[in-house]
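Participant: Just start32.txt, nothing more (compact mmCIF, C-alpha atoms):
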# COMPACT_ATOMS: atom_id res chain seq x y z
CA MET A 1 107.40 38.59 162.92
CA GLY A 2 107.55 35.19 161.24
CA GLU A 3 106.34 34.57 157.72
CA ALA A 4 103.27 32.67 158.94
CA ARG A 5 102.22 35.52 161.24
CA ARG A 6 102.82 38.12 158.54
CA ARG A 7 100.66 36.17 156.11
CA PHE A 8 97.98 35.72 158.77
CA HIS A 9 97.82 39.46 159.41
CA GLU A 10 97.57 40.14 155.68
CA GLN A 11 94.63 37.74 155.48
CA LEU A 12 93.05 39.43 158.49
CA ARG A 13 93.37 42.85 156.89
CA GLY A 14 91.90 41.49 153.67
CA LEU A 15 88.94 40.11 155.57
CA GLU A 16 88.27 43.42 157.27
CA ASP A 17 88.52 45.23 153.93
CA ASP A 18 85.92 42.87 152.46
CA VAL A 19 83.61 43.31 155.46
CA GLN A 20 83.80 47.04 154.80
CA ARG A 21 82.92 46.31 151.15
CA ILE A 22 79.86 44.38 152.28
CA GLY A 23 78.94 47.30 154.53
CA ALA A 24 79.16 49.72 151.61
CA GLN A 25 77.09 47.40 149.40
CA ALA A 26 74.43 46.92 152.08
CA GLN A 27 74.20 50.69 152.62
CA GLN A 28 73.85 51.24 148.89
CA LEU A 29 71.10 48.63 148.57
CA LEU A 30 69.25 50.22 151.48
CA ALA A 31 69.59 53.75 150.09
CA THR A 32 68.45 52.58 146.66
CA ALA A 33 65.46 50.72 148.11
CA LEU A 34 64.46 53.89 149.98
CA GLN A 35 64.75 55.84 146.75
CA GLY A 36 62.42 53.35 145.10
CA LEU A 37 59.99 53.62 148.00
CA SER A 38 59.91 57.42 147.92
CA GLY A 39 59.38 57.62 144.18
CA GLY A 40 57.27 54.49 143.81
CA ASP A 41 59.85 53.32 141.26
CA ILE A 42 59.41 49.60 140.69
CA GLY A 43 62.39 49.42 138.33
CA ILE A 44 64.72 50.68 141.05
CA CYS A 45 63.28 48.18 143.51
CA GLU A 46 63.85 45.31 141.11
CA GLU A 47 67.50 46.36 140.82
CA VAL A 48 67.78 46.13 144.61
CA VAL A 49 66.50 42.55 144.56
CA LYS A 50 69.01 41.60 141.87
CA GLY A 51 71.85 43.40 143.66
CA ASP A 52 71.49 41.26 146.77
CA ASP A 53 73.16 38.32 145.01
CA ALA A 54 76.54 40.06 145.06
CA VAL A 55 76.21 40.74 148.79
CA ASP A 56 75.27 37.13 149.51
CA GLU A 57 78.21 35.84 147.47
CA LEU A 58 80.75 38.01 149.26
CA TYR A 59 79.15 37.30 152.64
CA LEU A 60 79.55 33.54 152.17
CA GLU A 61 83.12 33.93 150.92
CA VAL A 62 84.11 36.06 153.91
CA GLU A 63 82.44 33.68 156.35
CA GLN A 64 84.35 30.72 154.87
CA ARG A 65 87.66 32.56 155.04
CA ILE A 66 87.06 33.51 158.68
CA LEU A 67 86.29 29.90 159.60
CA GLN A 68 89.42 28.74 157.77
CA LEU A 69 91.56 31.13 159.79
CA PHE A 70 90.00 29.84 162.99
CA ALA A 71 90.81 26.29 161.94
CA LEU A 72 94.30 26.77 160.50
CA GLN A 73 95.80 29.48 162.71
CA THR A 74 96.21 30.09 166.42
CA PRO A 75 95.11 33.69 166.85
CA VAL A 76 96.27 35.67 169.88
CA ALA A 77 93.59 37.34 171.99
CA SER A 78 93.29 40.59 170.01
CA ASP A 79 93.23 38.76 166.67
CA LEU A 80 90.70 36.29 168.02
CA ARG A 81 88.43 39.17 169.05
CA LEU A 82 88.70 40.71 165.62
CA LEU A 83 87.91 37.44 163.84
CA THR A 84 84.92 36.83 166.10
CA GLY A 85 83.72 40.40 165.67
CA LEU A 86 84.06 40.25 161.88
CA LEU A 87 82.10 36.99 161.79
CA HIS A 88 79.18 38.61 163.62
CA ILE A 89 79.39 41.93 161.76
CA ASN A 90 79.41 40.07 158.44
CA LEU A 91 76.13 38.39 159.43
CA HIS A 92 74.48 41.64 160.53
CA LEU A 93 75.42 43.31 157.24
CA GLU A 94 73.95 40.43 155.25
CA ARG A 95 70.73 40.84 157.24
CA ILE A 96 70.66 44.56 156.48
CA ALA A 97 70.96 43.77 152.77
CA ASP A 98 68.08 41.29 153.13
CA GLN A 99 66.00 43.95 154.88
CA ALA A 100 66.66 46.32 151.98
CA VAL A 101 65.43 43.61 149.62
CA ASN A 102 62.32 43.09 151.74
CA LEU A 103 61.65 46.83 151.60
CA ALA A 104 61.99 46.79 147.80
CA LYS A 105 59.68 43.78 147.43
CA ILE A 106 57.02 45.37 149.63
CA THR A 107 57.22 48.55 147.55
CA CYS A 108 56.56 46.46 144.45
CA LEU A 109 53.57 44.78 146.10
CA ALA A 110 52.13 48.18 147.03
CA ASP A 111 52.45 49.52 143.49
CA GLY A 112 49.26 51.22 142.30
CA LEU A 113 47.77 51.71 145.77
CA PRO A 114 47.05 55.28 146.99
CA ARG A 115 49.70 56.55 149.39
CA ASN A 116 49.52 58.46 152.65
CA LEU A 117 52.07 61.29 152.51
CA GLU A 118 52.52 61.53 156.29
CA VAL A 119 53.31 57.84 156.57
CA LEU A 120 55.72 58.15 153.65
CA ARG A 121 57.43 61.15 155.25
CA ARG A 122 57.97 59.21 158.48
CA LEU A 123 59.38 56.24 156.58
CA GLU A 124 61.77 58.53 154.70
CA GLU A 125 62.96 59.97 158.02
CA MET A 126 63.44 56.50 159.47
CA GLY A 127 65.30 55.44 156.34
CA ALA A 128 67.69 58.38 156.45
CA ARG A 129 68.41 57.72 160.11
CA VAL A 130 69.16 54.02 159.74
CA VAL A 131 71.36 54.49 156.67
CA GLY A 132 73.35 56.96 158.76
CA MET A 133 73.54 54.49 161.63
CA VAL A 134 74.99 51.75 159.44
CA ASP A 135 77.56 54.21 158.13
CA ILE A 136 78.53 55.24 161.67
CA ALA A 137 78.84 51.60 162.77
CA MET A 138 81.22 50.84 159.90
CA GLN A 139 83.22 54.02 160.57
CA ALA A 140 83.55 52.96 164.21
CA LEU A 141 84.98 49.63 163.08
CA ALA A 142 87.42 51.20 160.63
CA ARG A 143 88.65 53.76 163.17
CA ARG A 144 88.41 51.48 166.24
CA ASP A 145 86.37 54.30 167.77
CA LEU A 146 84.63 53.13 170.92
CA GLU A 147 82.98 56.50 171.62
CA LEU A 148 81.47 56.53 168.15
CA ALA A 149 80.14 52.99 168.58
CA LEU A 150 78.56 54.00 171.87
CA THR A 151 76.50 56.71 170.16
CA LEU A 152 74.47 54.13 168.24
CA PRO A 153 71.85 53.28 170.91
CA GLU A 154 70.98 56.97 171.29
CA LEU A 155 70.74 57.32 167.52
CA ASP A 156 68.40 54.33 167.47
CA ASP A 157 65.92 55.87 169.93
CA PRO A 158 64.22 58.18 167.36
CA VAL A 159 63.97 55.24 164.93
CA ASP A 160 62.18 53.18 167.56
CA GLU A 161 59.90 56.11 168.37
CA LEU A 162 58.96 56.57 164.71
CA ASN A 163 58.25 52.86 164.40
CA ARG A 164 56.07 52.85 167.52
CA GLY A 165 54.01 55.73 166.16
CA MET A 166 53.56 54.25 162.71
CA LEU A 167 50.49 52.13 163.48
CA LYS A 168 48.53 55.18 164.61
CA HIS A 169 49.19 56.93 161.31
CA VAL A 170 48.30 53.82 159.33
CA MET A 171 44.99 53.38 161.15
CA VAL A 172 43.94 56.92 160.23
CA ALA A 173 43.10 55.45 156.83
CA ALA A 174 40.97 52.63 158.24
CA HIS A 175 37.88 53.98 156.43
CA ASN A 176 39.64 53.78 153.05
CA SER A 177 40.44 50.19 152.08
CA PRO A 178 43.05 50.90 149.34
CA VAL A 179 44.93 53.43 151.51
CA LEU A 180 44.71 51.07 154.49
CA GLU A 181 46.14 48.21 152.42
CA TRP A 182 49.07 50.42 151.39
CA GLY A 183 49.51 51.54 155.00
CA ILE A 184 49.63 48.00 156.33
CA ARG A 185 52.36 47.18 153.84
CA MET A 186 54.23 50.31 154.89
CA TYR A 187 53.93 49.26 158.51
CA VAL A 188 55.92 46.17 157.55
CA VAL A 189 58.46 48.48 155.89
CA SER A 190 58.66 50.40 159.17
CA ARG A 191 59.46 47.20 161.03
CA GLN A 192 62.17 46.35 158.51
CA LEU A 193 63.77 49.76 159.00
CA GLU A 194 63.57 49.37 162.76
CA ARG A 195 65.43 46.08 162.42
CA VAL A 196 68.13 47.76 160.32
CA GLY A 197 68.66 50.15 163.21
CA ASP A 198 68.90 47.23 165.62
CA ASN A 199 71.48 45.54 163.40
CA ALA A 200 73.53 48.73 163.33
CA VAL A 201 73.49 48.79 167.14
CA ASP A 202 74.53 45.12 167.17
CA ILE A 203 77.48 45.97 164.92
CA GLY A 204 78.40 48.70 167.38
CA GLU A 205 78.38 46.12 170.18
CA GLN A 206 80.80 43.96 168.20
CA VAL A 207 83.07 46.94 167.54
CA ALA A 208 83.13 47.67 171.27
CA PHE A 209 84.06 44.04 171.92
CA VAL A 210 86.90 44.16 169.38
CA ILE A 211 88.28 47.30 171.02
CA SER A 212 87.76 46.54 174.72
CA GLY A 213 87.72 42.76 174.92
CA ARG A 214 84.44 42.87 176.84
CA PHE A 215 81.06 42.12 175.29
CA GLN A 216 78.15 44.08 176.66
CA GLU A 217 74.74 44.62 175.12
CA PHE A 218 74.07 48.30 174.57
CA THR A 219 70.37 47.77 175.32
CA ASP A 220 68.61 45.44 177.73
CA ALA A 221 67.04 42.82 175.50
CA SER A 222 65.84 40.78 178.49
CA HIS A 223 63.16 43.36 179.29
CA PRO A 224 61.77 44.53 175.95
CA GLU A 225 59.27 47.34 176.03
CA VAL A 226 55.81 46.78 174.67
CA GLU A 227 55.76 48.26 171.18
CA HIS A 228 52.05 49.18 171.14
CA PRO A 229 50.78 49.37 174.74
CA GLU A 230 47.49 50.83 173.50
CA LEU A 231 46.64 47.42 172.01
CA LEU A 232 46.77 45.84 175.48
CA THR A 233 44.04 48.02 176.90
CA THR A 234 40.34 47.48 176.49
CA GLY A 235 37.83 50.23 175.95
CA THR A 236 35.25 50.98 178.61
Once more with this new file: its structure as structure tokens, please.
Facilitator:
Amino acid sequence: MGEARRRFHEQLRGLEDDVQRIGAQAQQLLATALQGLSGGDIGICEEVVKGDDAVDELYLEVEQRILQLFALQTPVASDLRLLTGLLHINLHLERIADQAVNLAKITCLADGLPRNLEVLRRLEEMGARVVGMVDIAMQALARRDLELALTLPELDDPVDELNRGMLKHVMVAAHNSPVLEWGIRMYVVSRQLERVGDNAVDIGEQVAFVISGRFQEFTDASHPEVEHPELLTTGT
């Protein structure tokens, strides 16, 4: 291997290491935001908002380094797949960090409102599931484990189901304005967590592409299901 190729592969390994760092930071922000949500701890949530700056900085640095390698090197097919996959995974991880920040900000806005324990329990379950999904997606990348990546859509199904059922639990409090206000904010949290799960699945798709050389969506986005079919029906 020539010196140029050796240096290129070192840079590629460094990029992947930093993408894993972003993954760990995004998971930590998400877990911390969920801790703040569960305990109603505004101080913790404010730390999440501040912590996003480090993720954004590393995300931009990694993106720039990937684009430089595209411009200055001539990657072979497998290296090209990895660079392309890392570019997309980097973006999905930055979005997950942003979703953690959104969760923290919503928790702050809901401070002082009475809480519904059933809604909170469901959000905690969703949160635990999506944190685990992000971890599995990053493990699949590190291990080049196609079978592990392919488990992500199935893991996402319970998250989607919890999200679909959230509105019903929120509307139980329709007679109580303060609880309803809190519930509506938590419904937005539910949507954020659902999107974290989707981003984890998207990372899994990129891992599968890196390994196999074929890109295939794990779910059929061209025919999305209706999230709340009950809202499309009229009473008689």
Participant: Between A:Leu37, A:Leu29, A:Val101, A:Val19, single out the one closest to A:Val131, counting all atoms listed in the file.
Facilitator: A:Leu29
Participant: May I have the residues within 9 Å of stretch 69-83 of chain A as a list in words, using all atoms listed in the file and disregarding those fewer than 3 positions away in the same chain?
Facilitator: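 Listing them by chain and then by number gives Ala4, Arg5, Phe8, His9, Gln11, Leu12, Leu15, Glu16, Gln64, Arg65, Ile66, Leu86, Leu87, His88, Gln206, Val207, Phe209, Val210, Ile211 and Gly213 of chain A.
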Participant: Take the residues from that selection and write them out as an mmCIF file, in the coordinates of the input, keeping C-alpha atoms.
Facilitator:
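Full text of selection.cif as output:
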data_model
loop_
_atom_site.group_PDB
_atom_site.id
_atom_site.type_symbol
_atom_site.label_atom_id
_atom_site.label_comp_id
_atom_site.auth_asym_id
_atom_site.auth_seq_id
_atom_site.Cartn_x
_atom_site.Cartn_y
_atom_site.Cartn_z
ATOM 1 C CA ALA A 4 103.270 32.670 158.940
ATOM 2 C CA ARG A 5 102.220 35.520 161.240
ATOM 3 C CA PHE A 8 97.980 35.720 158.770
ATOM 4 C CA HIS A 9 97.820 39.460 159.410
ATOM 5 C CA GLN A 11 94.630 37.740 155.480
ATOM 6 C CA LEU A 12 93.050 39.430 158.490
ATOM 7 C CA LEU A 15 88.940 40.110 155.570
ATOM 8 C CA GLU A 16 88.270 43.420 157.270
ATOM 9 C CA GLN A 64 84.350 30.720 154.870
ATOM 10 C CA ARG A 65 87.660 32.560 155.040
ATOM 11 C CA ILE A 66 87.060 33.510 158.680
ATOM 12 C CA LEU A 86 84.060 40.250 161.880
ATOM 13 C CA LEU A 87 82.100 36.990 161.790
ATOM 14 C CA HIS A 88 79.180 38.610 163.620
ATOM 15 C CA GLN A 206 80.800 43.960 168.200
ATOM 16 C CA VAL A 207 83.070 46.940 167.540
ATOM 17 C CA PHE A 209 84.060 44.040 171.920
ATOM 18 C CA VAL A 210 86.900 44.160 169.380
ATOM 19 C CA ILE A 211 88.280 47.300 171.020
ATOM 20 C CA GLY A 213 87.720 42.760 174.920
#
Participant: So the first atom is atom CA of A:Gly36 and the second is atom CA of A:Thr107; what is the distance between them in Å, to one decimal place?
Facilitator: 7.5 Å
Participant: Name all residues at most 9 Å from A:Asp111 (count all atoms listed in the file; drop same-chain ones fewer than 6 positions away) and give them as an NGL selection string.
Facilitator: :A and (40-42 or 182)
Participant: Please provide as a ChimeraX atom specification all residues within 12 Å of A:Met171, with the sequence filter that same-chain residues fewer than 2 positions apart are discarded (counting all atoms listed in the file).
Facilitator: /A:116,119,165-169,173-177,179-184,186-187
Participant: How many Å lie between atom CA of A:Arg191 and atom CA of A:Tyr59, rounded to one decimal?
Facilitator: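 Distance between the two atoms: 23.6 Å.
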Participant: Skip A:Thr32 itself and residues of its chain fewer than 6 positions away, then list as a list in words all residues within 10 Å of it, counting only C-alpha atoms.
Facilitator: Ala26, Ser38, Ile44, Cys45, Glu47, Val48, Ala100, Val101 and Ala104 of chain A
Participant: Could you turn the residues from that selection into a file that holds C-alpha atoms, as an mmCIF file, in the coordinates of the input?
Facilitator:
data_model
loop_
_atom_site.group_PDB
_atom_site.id
_atom_site.type_symbol
_atom_site.label_atom_id
_atom_site.label_comp_id
_atom_site.auth_asym_id
_atom_site.auth_seq_id
_atom_site.Cartn_x
_atom_site.Cartn_y
_atom_site.Cartn_z
ATOM 1 C CA ALA A 26 74.430 46.920 152.080
ATOM 2 C CA SER A 38 59.910 57.420 147.920
ATOM 3 C CA ILE A 44 64.720 50.680 141.050
ATOM 4 C CA CYS A 45 63.280 48.180 143.510
ATOM 5 C CA GLU A 47 67.500 46.360 140.820
ATOM 6 C CA VAL A 48 67.780 46.130 144.610
ATOM 7 C CA ALA A 100 66.660 46.320 151.980
ATOM 8 C CA VAL A 101 65.430 43.610 149.620
ATOM 9 C CA ALA A 104 61.990 46.790 147.800
#
Participant: As an exercise, work out the distance from atom CA of A:Ala110 to atom CA of A:Ser190 in Å and give it to one decimal place.
Facilitator: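 Distance between the two atoms: 14.0 Å.
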Participant: Ranking A:Val62, A:Leu120, A:Val130, A:Leu91 by minimum distance to A:Arg195 and counting only C-alpha atoms, which one comes first?
Facilitator: A:Val130
Participant: Restricting the calculation to all atoms listed in the file: of A:Asp156, A:Glu194, A:Glu10, A:Asp18, which residue gets closest to A:Ile89?
Facilitator: A:Asp18
Participant: Closest to A:Val196 among A:Arg144, A:Arg21, A:Arg122, A:Arg129, using only C-alpha atoms?
Facilitator: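 For A:Val196, the nearest of the candidates is A:Arg129.
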Participant: Give as JSON, numbers by chain the set of residues within 9 Å of the point (80.9, 46.5, 169.3), where distances use the file's coordinates and only C-alpha atoms.
Facilitator: {"A": [85, 89, 137, 140, 141, 146, 149, 150, 201, 202, 203, 204, 205, 206, 207, 208, 209, 210, 211, 212, 215, 216, 217, 218]}
Participant: Write out the residues from the selection above, keeping C-alpha atoms, as a JSON list (two decimals), in the coordinates of the input.
Facilitator:
[["chain", "number", "residue", "atom", "x", "y", "z"],
["A", 85, "GLY", "CA", 83.72, 40.40, 165.67],
["A", 89, "ILE", "CA", 79.39, 41.93, 161.76],
["A", 137, "ALA", "CA", 78.84, 51.60, 162.77],
["A", 140, "ALA", "CA", 83.55, 52.96, 164.21],
["A", 141, "LEU", "CA", 84.98, 49.63, 163.08],
["A", 146, "LEU", "CA", 84.63, 53.13, 170.92],
["A", 149, "ALA", "CA", 80.14, 52.99, 168.58],
["A", 150, "LEU", "CA", 78.56, 54.00, 171.87],
["A", 201, "VAL", "CA", 73.49, 48.79, 167.14],
["A", 202, "ASP", "CA", 74.53, 45.12, 167.17],
["A", 203, "ILE", "CA", 77.48, 45.97, 164.92],
["A", 204, "GLY", "CA", 78.40, 48.70, 167.38],
["A", 205, "GLU", "CA", 78.38, 46.12, 170.18],
["A", 206, "GLN", "CA", 80.80, 43.96, 168.20],
["A", 207, "VAL", "CA", 83.07, 46.94, 167.54],
["A", 208, "ALA", "CA", 83.13, 47.67, 171.27],
["A", 209, "PHE", "CA", 84.06, 44.04, 171.92],
["A", 210, "VAL", "CA", 86.90, 44.16, 169.38],
["A", 211, "ILE", "CA", 88.28, 47.30, 171.02],
["A", 212, "SER", "CA", 87.76, 46.54, 174.72],
["A", 215, "PHE", "CA", 81.06, 42.12, 175.29],
["A", 216, "GLN", "CA", 78.15, 44.08, 176.66],
["A", 217, "GLU", "CA", 74.74, 44.62, 175.12],
["A", 218, "PHE", "CA", 74.07, 48.30, 174.57]]
Participant: So which residues are close to (78.0, 48.7, 155.7), meaning at most 7 Å away in the file's coordinates with only C-alpha atoms counted, and can you show them as number ranges by chain?
Facilitator: A: 20, 22-27, 93, 134-135, 138
Participant: Mind filling out stretch 145-172 of chain A with N, CA and C atoms and sending it as a PDB file, in the frame of the given file?
Facilitator:
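Saved result, out-v5.pdb, follows:
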ATOM      1  N   ASP A 145      86.844  53.152 166.994  1.00  0.00           N
ATOM      2  CA  ASP A 145      86.370  54.300 167.770  1.00  0.00           C
ATOM      3  C   ASP A 145      85.250  53.849 168.697  1.00  0.00           C
ATOM      4  N   LEU A 146      85.604  53.618 169.948  1.00  0.00           N
ATOM      5  CA  LEU A 146      84.630  53.130 170.920  1.00  0.00           C
ATOM      6  C   LEU A 146      83.559  54.191 171.204  1.00  0.00           C
ATOM      7  N   GLU A 147      83.956  55.443 171.334  1.00  0.00           N
ATOM      8  CA  GLU A 147      82.980  56.500 171.620  1.00  0.00           C
ATOM      9  C   GLU A 147      81.946  56.606 170.504  1.00  0.00           C
ATOM     10  N   LEU A 148      82.399  56.468 169.271  1.00  0.00           N
ATOM     11  CA  LEU A 148      81.470  56.530 168.150  1.00  0.00           C
ATOM     12  C   LEU A 148      80.495  55.363 168.178  1.00  0.00           C
ATOM     13  N   ALA A 149      81.013  54.168 168.480  1.00  0.00           N
ATOM     14  CA  ALA A 149      80.140  52.990 168.580  1.00  0.00           C
ATOM     15  C   ALA A 149      79.089  53.175 169.662  1.00  0.00           C
ATOM     16  N   LEU A 150      79.474  53.819 170.752  1.00  0.00           N
ATOM     17  CA  LEU A 150      78.560  54.000 171.870  1.00  0.00           C
ATOM     18  C   LEU A 150      77.458  55.006 171.596  1.00  0.00           C
ATOM     19  N   THR A 151      77.571  55.772 170.506  1.00  0.00           N
ATOM     20  CA  THR A 151      76.500  56.710 170.160  1.00  0.00           C
ATOM     21  C   THR A 151      75.313  56.018 169.500  1.00  0.00           C
ATOM     22  N   LEU A 152      75.493  54.787 169.054  1.00  0.00           N
ATOM     23  CA  LEU A 152      74.470  54.130 168.240  1.00  0.00           C
ATOM     24  C   LEU A 152      73.141  53.897 168.979  1.00  0.00           C
ATOM     25  N   PRO A 153      73.153  53.457 170.241  1.00  0.00           N
ATOM     26  CA  PRO A 153      71.850  53.280 170.910  1.00  0.00           C
ATOM     27  C   PRO A 153      71.031  54.562 170.975  1.00  0.00           C
ATOM     28  N   GLU A 154      71.696  55.695 171.243  1.00  0.00           N
ATOM     29  CA  GLU A 154      70.980  56.970 171.290  1.00  0.00           C
ATOM     30  C   GLU A 154      70.430  57.338 169.919  1.00  0.00           C
ATOM     31  N   LEU A 155      71.212  57.055 168.871  1.00  0.00           N
ATOM     32  CA  LEU A 155      70.740  57.320 167.520  1.00  0.00           C
ATOM     33  C   LEU A 155      69.555  56.430 167.147  1.00  0.00           C
ATOM     34  N   ASP A 156      69.478  55.273 167.783  1.00  0.00           N
ATOM     35  CA  ASP A 156      68.400  54.330 167.470  1.00  0.00           C
ATOM     36  C   ASP A 156      67.083  54.716 168.132  1.00  0.00           C
ATOM     37  N   ASP A 157      67.142  55.516 169.191  1.00  0.00           N
ATOM     38  CA  ASP A 157      65.920  55.870 169.930  1.00  0.00           C
ATOM     39  C   ASP A 157      64.875  56.556 169.038  1.00  0.00           C
ATOM     40  N   PRO A 158      65.242  57.561 168.217  1.00  0.00           N
ATOM     41  CA  PRO A 158      64.220  58.180 167.360  1.00  0.00           C
ATOM     42  C   PRO A 158      63.650  57.212 166.326  1.00  0.00           C
ATOM     43  N   VAL A 159      64.460  56.258 165.876  1.00  0.00           N
ATOM     44  CA  VAL A 159      63.970  55.240 164.930  1.00  0.00           C
ATOM     45  C   VAL A 159      62.893  54.401 165.594  1.00  0.00           C
ATOM     46  N   ASP A 160      63.167  53.980 166.830  1.00  0.00           N
ATOM     47  CA  ASP A 160      62.180  53.180 167.560  1.00  0.00           C
ATOM     48  C   ASP A 160      60.906  53.986 167.804  1.00  0.00           C
ATOM     49  N   GLU A 161      61.071  55.255 168.115  1.00  0.00           N
ATOM     50  CA  GLU A 161      59.900  56.110 168.370  1.00  0.00           C
ATOM     51  C   GLU A 161      59.056  56.266 167.112  1.00  0.00           C
ATOM     52  N   LEU A 162      59.696  56.464 165.973  1.00  0.00           N
ATOM     53  CA  LEU A 162      58.960  56.570 164.710  1.00  0.00           C
ATOM     54  C   LEU A 162      58.231  55.271 164.393  1.00  0.00           C
ATOM     55  N   ASN A 163      58.885  54.159 164.657  1.00  0.00           N
ATOM     56  CA  ASN A 163      58.250  52.860 164.400  1.00  0.00           C
ATOM     57  C   ASN A 163      57.042  52.652 165.304  1.00  0.00           C
ATOM     58  N   ARG A 164      57.183  53.025 166.589  1.00  0.00           N
ATOM     59  CA  ARG A 164      56.070  52.850 167.520  1.00  0.00           C
ATOM     60  C   ARG A 164      54.862  53.679 167.110  1.00  0.00           C
ATOM     61  N   GLY A 165      55.108  54.866 166.536  1.00  0.00           N
ATOM     62  CA  GLY A 165      54.010  55.730 166.160  1.00  0.00           C
ATOM     63  C   GLY A 165      53.404  55.436 164.805  1.00  0.00           C
ATOM     64  N   MET A 166      53.990  54.477 164.082  1.00  0.00           N
ATOM     65  CA  MET A 166      53.560  54.250 162.710  1.00  0.00           C
ATOM     66  C   MET A 166      52.140  53.679 162.638  1.00  0.00           C
ATOM     67  N   LEU A 167      51.800  52.775 163.550  1.00  0.00           N
ATOM     68  CA  LEU A 167      50.490  52.130 163.480  1.00  0.00           C
ATOM     69  C   LEU A 167      49.369  53.154 163.582  1.00  0.00           C
ATOM     70  N   LYS A 168      49.555  54.146 164.448  1.00  0.00           N
ATOM     71  CA  LYS A 168      48.530  55.180 164.610  1.00  0.00           C
ATOM     72  C   LYS A 168      48.276  55.908 163.293  1.00  0.00           C
ATOM     73  N   HIS A 169      49.333  56.215 162.578  1.00  0.00           N
ATOM     74  CA  HIS A 169      49.190  56.930 161.310  1.00  0.00           C
ATOM     75  C   HIS A 169      48.581  56.037 160.232  1.00  0.00           C
ATOM     76  N   VAL A 170      48.892  54.752 160.290  1.00  0.00           N
ATOM     77  CA  VAL A 170      48.300  53.820 159.330  1.00  0.00           C
ATOM     78  C   VAL A 170      46.805  53.692 159.557  1.00  0.00           C
ATOM     79  N   MET A 171      46.396  53.614 160.829  1.00  0.00           N
ATOM     80  CA  MET A 171      44.990  53.380 161.150  1.00  0.00           C
ATOM     81  C   MET A 171      44.105  54.580 160.848  1.00  0.00           C
ATOM     82  N   VAL A 172      44.714  55.749 160.633  1.00  0.00           N
ATOM     83  CA  VAL A 172      43.940  56.920 160.230  1.00  0.00           C
ATOM     84  C   VAL A 172      43.158  56.638 158.959  1.00  0.00           C
TER      85      VAL A 172
END
